[in-house]
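Take a look at the structure set out below.
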Number of protein chains: 2
Amino acid sequence: MKPKLNDVAKLAGVSPTTVSRVLNNRGYISQETKDRVQEAMQQLNYFPNDVARSLFSKRTNLIGLIIPTTSNPFFGELTFHIENICASLGYKLLICNSLNQLDKEEAYVDMLMRNQVDGIIVGTHNRGIVNYDQKNIAVVAIDRFLSNTIPVVGSDNYMGGKMASELLIDKGCQHILHINGPVELETPASLRRKAYEDVMAQHGREAITYEVHDPFNQQNHYQPIQRLLDEHPEVDGLFASNDLVAASFISQAKKRGKRVPEDIRVIGYDGTDTTRNLLPELTTIQQPIQEIGRAAVELLIKEIDGQFSDVPRETYLPVKLIEASTV
Amino acid sequence: MKPKLNDVAKLAGVSPTTVSRVLNNRGYISQETKDRVQEAMQQLNYFPNDVARSLFSKRTNLIGLIIPTTSNPFFGELTFHIENICASLGYKLLICNSLNQLDKEEAYVDMLMRNQVDGIIVGTHNRGIVNYDQKNIAVVAIDRFLSNTIPVVGSDNYMGGKMASELLIDKGCQHILHINGPVELETPASLRRKAYEDVMAQHGREAITYEVHDPFNQQNHYQPIQRLLDEHPEVDGLFASNDLVAASFISQAKKRGKRVPEDIRVIGYDGTDTTRNLLPELTTIQQPIQEIGRAAVELLIKEIDGQFSDVPRETYLPVKLIEASTV
DNA sequence: CTGAAAGCGCTTACAG
DNA sequence: CTGAAAGCGCTTACAG
C-alpha cells in the first residue's frame with residue numbers, strides 16, 4: 001500500500017499535524033523533529049496525496065484547455081506553450097479536443113467543473129452557446145468573444161489581414177481573393193476578413209471571400225477551393241486565413257497548371273514552426289503563439305486569484321509578416 | 001457557494017446517503033424520493049465533486065501523457081487521438097511536454113503520482129533512466145522500451161524502414177543515405193535504421209547514416225544535413241526517419257540546385273495529416289497514429305483494471321507506403 | 001514547539 | 001426502501 005501521512009507520523013514518533021507542518025514548511029518545528037520526519041518520509045518513499053489536499057484547500061491547480069484539436073499545428077503549438085507556462089507556475093493541464101462540436105464542448109465543461117479545475121482556457125468556436133458566464137469559474141478565451149465579461153487574447157488580426165492584403169496589392173495583383181472560416185461576427189478572427197475587405201475597398205477593388213466550413217478538416221478545403229478556381233479563373237492573389245488552407249490552395253492551383261507566385265501569389269496566416277519547416281516557401285502572417293499562450297495563462301491566473309480588475313477585456317499581440325517565395 | 005450533496009439532501013428532505021444513492025443509481029430507492037432528489041439537484045444546479053469521490057474511491061480516472069511536445073505533428077495527432085479515446089472511455093488526460101529532458105520527465109512523473117493518476121502513457125526518450133517499474137503504477141510506452149515489463153506500442157518500424165529502403169533501390173538510386181535520431185538500441189524506432197542497413201547489405205551497398213540529435217527541434221536539422229550534402233555529393237536517395245527531417249533535407253538540397261526527385265529521391269516517415277496537407281509531394285511511410293493511440297489506451301486500461309496477463313509486451317501496428325512525387 | 005479534534009465532500013458497509 | 005456512522009488522506013484553527 002502507498003504510505004500515507006499517518007504512517008510517516010508513526011515512524012517518526014510524532015503527530016500527523018507535525019508531519020503536515022514539515023511537509024508544508026509552516027509553523028515552528030524544531031530542526032530535530034524536522035529531520036526525523038524527513039527521514040521517515042524518505043524511508044517510506046512517501047509523497048503527499050494531492051487529491052486529499054485539494055479536497056481541503058478547494059484548489060486543484062488544474063486548468064482545463066478546450067481547443068478544436070491538437071492535430072492542428074497552431075493548436076498543437078499553442079497547447080505546448082500553454083502547458084509549459086502552466087507547469088512553470090505550478091499548474092497542470094487537462095486537455096479537451098472538442099473539434100468545435102457543441103455537445104462535446106458542453107460535456108467537457110461539465111467534466112472540468114466536476115473535477116474542480118481552477119480555470120478554463122477556451123479556444124473553440126461554439127457561437128457563444130455554451131454559457132461560461134453562469135458557470136462561476138475563471139475563463140479566458142483565445143481569439144473568441146464568449147461573453148461581455150470574458151477576456152479575449154489573440155493576435156492582432158486586423159493588422160495581420162491588412163498586412164497580407166496590402167502585400168498582395170503592392171505586388172501588383174489585380175484579382176485578390178480571400179478564403180476564411182464561416183462568417184461569425186463574434187470572432188476577432190473575422191477581423192482578418194474585415195481588414196481584407198477594407199483594403200480592397202480602399203483600392204477600389206471588389207472583395208470576394210470563399211468560406212471553408214471547418215478549416216481544421218483538410219477534407220473540407222477541397223470543394224470551396226475548386227469552386228473558387230472555377231468561378232474566378234482570373235485570380236492572381238490569394239489571402240487564406242490559415243496556412244493549411246493556403247497549402248491546399250497552392251496544391252490545387254498547381255494541379256491546374258498555375259504557377260505560384262508567377263500566376264498567383266499566395267499568403268497564409270499562422271506561421272507555426274511546423275509550417276515553416278514543411279513549407280518554408282509559404283509567405284504568411286505569423287502569430288506570436290508563445291506570447292498568446294503566456295498572456296492567456298497569466299490572465300487566467302489573475303482571475304483565479306481574484307484580481308479581476310487587473311485583467312484587460314481584450315489583449316491583441318503583434319503579428320509579423322514572413323515573406324517567402326509564394327508572393 | 002457551490003451546492004453540495006448535503007444541500008441537496010436538506011432540500012429534498014432525505015439523508016445524504018439517499019442522495020448519493022440516486023446520484024450513483026445504486027441500491028433500491030422509491031421512484032418518489034428519486035424524483036424529489038433529482039428535482040432538488042436541478043433546483044440547486046448541483047453537480048458532484050469528483051475530487052471528493054476520488055479521495056474515497058482511490059480512482060481518479062486520470063491518465064498522464066508524457067511526450068516530447070504537442071508542437072510536433074506526430075505527437076500532436078497522437079495526443080488528439082489518445083485524448084479522444086480516453087474521453088470515450090471516461091478517462092481524462094493530463095498532458096506533459098517533456099521535450100525529452102530527463103529532469104522535466106522526472107518532475108512530471110512525480111506530479112502525476114501525487115495527483116493519483118490511474119496510469120501513464122510515455123512517448124519520450126529518456127534512455128531508460130526514469131524507473132517506471134518502481135513507481136507501482138500502470139504504464140504503457142509508445143515506441144520505447146522502458147523496462148522488461150512495460151508494454152510497448154508502436155508502428156512496425158522494421159517493415160517501414162524496409163519498405164522505404166527498397167523503394168529507393170527499386171527506383172534505381174545508387175547512393176542511398178539515411179538520417180535518423182541518435183542511436184539508442186533500446187528504441188523500436190532504431191529498427192527503421194536496422195532495416196535500412198539490412199536492405200543496403202542485401203544489395204551490397206554501403207549503409208551511411210547521419211544523426212540528428214533532437215529531431216523535434218528544427219534548428220538541429222541544418223548542420224547534419226549540410227554535412228551530409230558536403231561529404232556525399234553523390235547522394236541520389238534519402239530515407240529520413242521522420243517527415244520534418246525529410247522536409248528540411250529537401251529544402252537544403254534544393255538550395256544547392258538539386259532537383260527532387262530527378263537528382264535525389266526522398267522518403268520520410270510518419271505521414272501525419274499535417275504533413276499530407278502541407279507537403280503532399282512527400283513520399284512517406286505512414287504510421288497508423290489513431291490505432292497506436294487506441295492500443296496504448298486500451299492496454300493501459302487493462303493494466304489499470306488488473307488484467308495484466310492480457311497485455312502483450314509488444315504491439316506493432318502495420319505501416320503504409322504513401323507514394324507521392326519525391327520518389 | 002507539538003498534538004487532539006474537526007472537517008473538506010463524498011461513499012459504503014451496517015442497521016433497521 | 002432509508003439513515004447514522006465512519007472513513008478516504010490531508011490541513012488548520014485551537015489549546016497547551
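For the C-alpha cells, the naming scheme is as follows: chains receive sequential letters (A, B, ...) according to their order of presentation, residues are indexed from 1 within each chain, and ligands are indexed from 1 in presentation order.
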
Give me, as a ChimeraX atom specification, the residues of range 81-248 of chain A that a backbone DSSP run labels helix (DSSP H, G or I). /A:81-88,102-114,133-135,157-170,190-202,218-231,243-248

Within 9 Å of range 254-269 of chain A, counting only C-alpha atoms (C1' of nucleotides), which residues qualify if same-chain residues fewer than 4 places away don't, as a PyMOL selection string? chain A and resi 160-161+164-165+167-168+171+173+176+229+235-247+249-250+282-287+323+325-327

Write a file of the just-selected residues containing N, CA, C and O atoms, as a short mmCIF file (atom, residue, chain, number, x, y, z; two decimals), in the first residue's frame.
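Written file, again-v1.cif:
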data_model
loop_
_atom_site.label_atom_id
_atom_site.label_comp_id
_atom_site.auth_asym_id
_atom_site.auth_seq_id
_atom_site.Cartn_x
_atom_site.Cartn_y
_atom_site.Cartn_z
N GLY A 160 -2.95 41.94 -39.15
CA GLY A 160 -2.47 40.82 -39.96
C GLY A 160 -3.17 40.78 -41.32
O GLY A 160 -2.53 40.64 -42.36
N GLY A 161 -4.48 40.93 -41.28
CA GLY A 161 -5.24 40.91 -42.52
C GLY A 161 -4.86 42.07 -43.43
O GLY A 161 -4.78 41.93 -44.66
N ALA A 164 -1.37 41.43 -45.00
CA ALA A 164 -1.45 40.41 -46.05
C ALA A 164 -2.06 41.01 -47.32
O ALA A 164 -1.52 40.87 -48.42
N SER A 165 -3.17 41.71 -47.14
CA SER A 165 -3.88 42.25 -48.29
C SER A 165 -3.03 43.30 -49.01
O SER A 165 -2.95 43.33 -50.24
N LEU A 167 0.16 43.59 -49.00
CA LEU A 167 1.32 43.00 -49.67
C LEU A 167 0.93 42.51 -51.06
O LEU A 167 1.66 42.72 -52.04
N LEU A 168 -0.24 41.91 -51.16
CA LEU A 168 -0.68 41.41 -52.47
C LEU A 168 -0.92 42.57 -53.44
O LEU A 168 -0.60 42.49 -54.62
N LYS A 171 2.34 43.88 -54.61
CA LYS A 171 2.99 43.00 -55.58
C LYS A 171 2.32 43.10 -56.94
O LYS A 171 2.71 42.42 -57.89
N CYS A 173 -0.99 42.45 -57.71
CA CYS A 173 -2.11 41.55 -58.01
C CYS A 173 -3.34 42.38 -58.37
O CYS A 173 -3.63 43.40 -57.75
N ILE A 176 -7.56 39.81 -56.22
CA ILE A 176 -7.19 39.23 -54.93
C ILE A 176 -8.42 38.65 -54.24
O ILE A 176 -9.38 39.37 -53.97
N LEU A 229 -11.61 28.42 -57.92
CA LEU A 229 -10.80 28.39 -59.13
C LEU A 229 -11.67 28.32 -60.39
O LEU A 229 -11.33 28.88 -61.43
N VAL A 235 -8.15 34.87 -60.80
CA VAL A 235 -7.47 35.13 -59.52
C VAL A 235 -5.95 35.13 -59.68
O VAL A 235 -5.38 34.23 -60.27
N ASP A 236 -5.32 36.19 -59.15
CA ASP A 236 -3.85 36.25 -59.22
C ASP A 236 -3.26 36.59 -57.85
O ASP A 236 -2.06 36.86 -57.75
N GLY A 237 -4.14 36.58 -56.83
CA GLY A 237 -3.65 36.83 -55.47
C GLY A 237 -4.60 36.16 -54.49
O GLY A 237 -5.82 36.25 -54.66
N LEU A 238 -4.08 35.45 -53.50
CA LEU A 238 -4.96 34.81 -52.55
C LEU A 238 -4.44 34.98 -51.13
O LEU A 238 -3.29 34.72 -50.84
N PHE A 239 -5.37 35.43 -50.29
CA PHE A 239 -5.05 35.52 -48.86
C PHE A 239 -5.92 34.50 -48.14
O PHE A 239 -7.15 34.58 -48.16
N ALA A 240 -5.28 33.50 -47.54
CA ALA A 240 -6.02 32.46 -46.83
C ALA A 240 -5.92 32.74 -45.34
O ALA A 240 -4.86 33.15 -44.86
N SER A 241 -7.00 32.49 -44.62
CA SER A 241 -6.98 32.84 -43.21
C SER A 241 -6.22 31.84 -42.36
O SER A 241 -6.10 32.03 -41.15
N ASN A 242 -5.73 30.78 -42.95
CA ASN A 242 -4.73 29.98 -42.23
C ASN A 242 -3.83 29.22 -43.20
O ASN A 242 -4.17 29.06 -44.38
N ASP A 243 -2.71 28.79 -42.70
CA ASP A 243 -1.67 28.23 -43.57
C ASP A 243 -2.08 26.91 -44.21
O ASP A 243 -1.67 26.60 -45.33
N LEU A 244 -2.87 26.12 -43.50
CA LEU A 244 -3.25 24.84 -44.07
C LEU A 244 -4.14 25.03 -45.29
O LEU A 244 -3.99 24.34 -46.30
N VAL A 245 -5.02 26.00 -45.20
CA VAL A 245 -5.87 26.30 -46.35
C VAL A 245 -5.01 26.86 -47.48
O VAL A 245 -5.19 26.51 -48.66
N ALA A 246 -4.05 27.70 -47.14
CA ALA A 246 -3.15 28.24 -48.17
C ALA A 246 -2.42 27.09 -48.87
O ALA A 246 -2.29 27.08 -50.10
N ALA A 247 -1.97 26.12 -48.09
CA ALA A 247 -1.26 24.98 -48.68
C ALA A 247 -2.17 24.19 -49.60
O ALA A 247 -1.78 23.80 -50.71
N PHE A 249 -4.71 25.33 -51.17
CA PHE A 249 -4.94 26.15 -52.36
C PHE A 249 -3.78 26.02 -53.34
O PHE A 249 -3.98 25.85 -54.55
N ILE A 250 -2.58 26.10 -52.82
CA ILE A 250 -1.40 26.01 -53.69
C ILE A 250 -1.40 24.68 -54.44
O ILE A 250 -1.18 24.63 -55.65
N LEU A 282 6.11 29.27 -48.09
CA LEU A 282 4.86 29.99 -47.87
C LEU A 282 5.06 31.33 -47.16
O LEU A 282 5.58 31.38 -46.05
N THR A 283 4.60 32.37 -47.81
CA THR A 283 4.56 33.68 -47.17
C THR A 283 3.37 33.67 -46.22
O THR A 283 2.30 33.15 -46.56
N THR A 284 3.57 34.23 -45.04
CA THR A 284 2.48 34.13 -44.06
C THR A 284 2.56 35.23 -43.01
O THR A 284 3.57 35.93 -42.90
N ILE A 285 1.45 35.37 -42.31
CA ILE A 285 1.41 36.29 -41.17
C ILE A 285 1.58 35.42 -39.93
O ILE A 285 0.75 34.56 -39.65
N GLN A 286 2.66 35.67 -39.22
CA GLN A 286 2.96 34.80 -38.09
C GLN A 286 2.35 35.32 -36.79
O GLN A 286 2.56 36.46 -36.41
N GLN A 287 1.63 34.45 -36.12
CA GLN A 287 1.08 34.80 -34.81
C GLN A 287 2.13 34.53 -33.74
O GLN A 287 2.89 33.57 -33.83
N GLU A 323 7.93 36.96 -45.20
CA GLU A 323 7.84 36.98 -46.66
C GLU A 323 8.76 35.91 -47.23
O GLU A 323 9.97 35.93 -47.04
N SER A 325 8.61 32.81 -50.70
CA SER A 325 8.57 32.84 -52.17
C SER A 325 7.21 32.61 -52.81
O SER A 325 7.12 32.54 -54.03
N THR A 326 6.15 32.55 -52.04
CA THR A 326 4.85 32.37 -52.70
C THR A 326 4.21 33.71 -53.02
O THR A 326 3.03 33.77 -53.39
N VAL A 327 4.97 34.76 -52.89
CA VAL A 327 4.38 36.09 -53.06
C VAL A 327 5.31 36.97 -53.86
O VAL A 327 6.51 36.73 -53.91
#

Residue neighbourhood DC1 in chain D, 12 Å, only C-alpha atoms (C1' of nucleotides), exclusion window fewer than 2 positions, as a VMD selection string: (chain B and resid 18 21 27 to 34) or (chain C and resid 16) or (chain D and resid 3)

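Applying a distance limit of 8 Å to only C-alpha atoms (C1' of nucleotides), the residues of chain C near chain B read C:DG9, C:DC10, C:DT11.
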
With chain A as the partner and 7 Å as the cut-off, tabulate the residues of chain B that qualify, each row holding the nearest pair of atoms and their distance in Å to one decimal, using only C-alpha atoms, sorted by chain and rising number, as a tab-separated table.
residue	atom	partner	partner_atom	distance
B:Phe47	CA	A:Arg114	CA	6.5
B:Pro48	CA	A:Arg114	CA	6.0
B:Asn49	CA	A:Arg114	CA	5.2
B:Asp50	CA	A:Asn115	CA	5.1
B:Val51	CA	A:Val51	CA	6.1
B:Ala52	CA	A:Leu55	CA	6.1
B:Leu55	CA	A:Val51	CA	6.1
B:Thr69	CA	A:Phe80	CA	6.2
B:Thr70	CA	A:Gly76	CA	5.0
B:Ser71	CA	A:Glu77	CA	4.3
B:Pro73	CA	A:Ser71	CA	6.6
B:Gly76	CA	A:Ser71	CA	4.8
B:Glu77	CA	A:Ser71	CA	4.3
B:Thr79	CA	A:Thr70	CA	6.8
B:Phe80	CA	A:Thr70	CA	5.5
B:Leu93	CA	A:Leu94	CA	5.7
B:Leu94	CA	A:Leu94	CA	4.8
B:Ile95	CA	A:Leu93	CA	6.0
B:Asn97	CA	A:Phe80	CA	6.7
B:Arg114	CA	A:Asn49	CA	5.2
B:Asn115	CA	A:Asp50	CA	5.2
B:Gln116	CA	A:Asn49	CA	6.9
B:Gln218	CA	A:Asn277	CA	6.9
B:Leu244	CA	A:Leu278	CA	6.4
B:Ala247	CA	A:Leu278	CA	5.4
B:Ser248	CA	A:Asn277	CA	6.5
B:Asn277	CA	A:Ser248	CA	6.5
B:Leu278	CA	A:Ala247	CA	5.4
B:Leu279	CA	A:Leu278	CA	6.3

Pick out the residues sitting within 12 Å of Asp35 in chain B, and hand them over as a ChimeraX atom specification; count only C-alpha atoms (C1' of nucleotides), and ignore anything fewer than 6 positions along from it in its own chain. /B:12,14,18-19,22-23,29,41-42

Those same residues - N, CA and C atoms - I'd like them written as a compact mmCIF listing (two decimals), in the first residue's frame.
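Done, and the output landed in out.txt:
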# COMPACT_ATOMS: atom_id res chain seq x y z
N ALA B 12 -34.29 18.19 -0.35
CA ALA B 12 -35.19 17.08 -0.71
C ALA B 12 -35.78 16.41 0.52
N VAL B 14 -34.18 14.37 2.64
CA VAL B 14 -33.71 12.99 2.81
C VAL B 14 -32.28 13.03 3.38
N THR B 18 -29.06 8.83 0.86
CA THR B 18 -30.03 8.66 -0.22
C THR B 18 -29.65 9.45 -1.46
N VAL B 19 -29.21 10.67 -1.24
CA VAL B 19 -28.79 11.48 -2.40
C VAL B 19 -27.68 10.76 -3.15
N VAL B 22 -29.06 8.03 -5.29
CA VAL B 22 -29.68 8.34 -6.59
C VAL B 22 -28.59 8.83 -7.56
N LEU B 23 -27.60 9.52 -7.00
CA LEU B 23 -26.51 10.02 -7.84
C LEU B 23 -25.82 8.86 -8.54
N ILE B 29 -34.35 2.54 -4.30
CA ILE B 29 -34.92 3.81 -3.86
C ILE B 29 -36.29 3.92 -4.50
N MET B 41 -31.67 18.55 -7.04
CA MET B 41 -30.38 18.73 -7.71
C MET B 41 -30.50 19.77 -8.82
N GLN B 42 -31.57 19.63 -9.58
CA GLN B 42 -31.83 20.60 -10.65
C GLN B 42 -31.92 22.00 -10.09

Got a sec: who's within 12 Å of Val311 in chain A, counting only C-alpha atoms (C1' of nucleotides), leaving out chain neighbours fewer than 6 positions off, as a PyMOL selection string? chain A and resi 138-140+149-153+295-305

Å distance separating CA of Asn131 in chain A from CA of Ser309 in chain A, one decimal place: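 Answer for the CA of Asn131 in chain A to CA of Ser309 in chain A separation: 21.5 Å.
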
Could you find all residues in range 97-207 of chain B that DSSP calls strand (DSSP E) from the backbone, and write them as a ChimeraX atom specification? /B:97,119-122,138-142,152-155,176-180

Saved selection, atoms kept: C-alpha atoms, as a PDB file, in the first residue's frame:
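Generated output (again.pdb):
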ATOM      1  CA  ASN B  97       5.566  18.092 -22.670  1.00  0.00           C
ATOM      2  CA  GLY B 119      -1.937   5.291 -15.339  1.00  0.00           C
ATOM      3  CA  ILE B 120       0.718   6.890 -17.540  1.00  0.00           C
ATOM      4  CA  ILE B 121       1.418   6.738 -21.265  1.00  0.00           C
ATOM      5  CA  VAL B 122       5.017   7.583 -22.071  1.00  0.00           C
ATOM      6  CA  ALA B 138       0.169   1.257 -14.769  1.00  0.00           C
ATOM      7  CA  VAL B 139       2.384   2.358 -17.663  1.00  0.00           C
ATOM      8  CA  VAL B 140       2.377   1.892 -21.430  1.00  0.00           C
ATOM      9  CA  ALA B 141       5.178   3.125 -23.661  1.00  0.00           C
ATOM     10  CA  ILE B 142       4.887   4.413 -27.197  1.00  0.00           C
ATOM     11  CA  VAL B 152       5.338  -1.087 -25.896  1.00  0.00           C
ATOM     12  CA  VAL B 153       3.060   0.079 -28.686  1.00  0.00           C
ATOM     13  CA  GLY B 154       4.284   1.424 -32.000  1.00  0.00           C
ATOM     14  CA  SER B 155       4.308   1.099 -35.732  1.00  0.00           C
ATOM     15  CA  ILE B 176      21.096   5.898 -50.623  1.00  0.00           C
ATOM     16  CA  LEU B 177      21.730   7.610 -47.310  1.00  0.00           C
ATOM     17  CA  HIS B 178      19.777   7.684 -44.110  1.00  0.00           C
ATOM     18  CA  ILE B 179      19.125  10.286 -41.442  1.00  0.00           C
ATOM     19  CA  ASN B 180      17.967   9.186 -38.005  1.00  0.00           C
TER      20      ASN B 180
END

Fewer than 3 positions away in the same chain doesn't count, so skip those; otherwise give me all residues within 12 Å of DA15 in chain D, counting only C-alpha atoms (C1' of nucleotides), as a PyMOL selection string. chain C and resi 2-5

One number please: CA of His203 in chain A to CA of Asp170 in chain A, in Å, one decimal.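 Calculated distance between CA of His203 in chain A and CA of Asp170 in chain A is 11.0 Å.
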
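Going from CA of Asp156 in chain A over to CA of Pro182 in chain A, you cover 19.2 Å.
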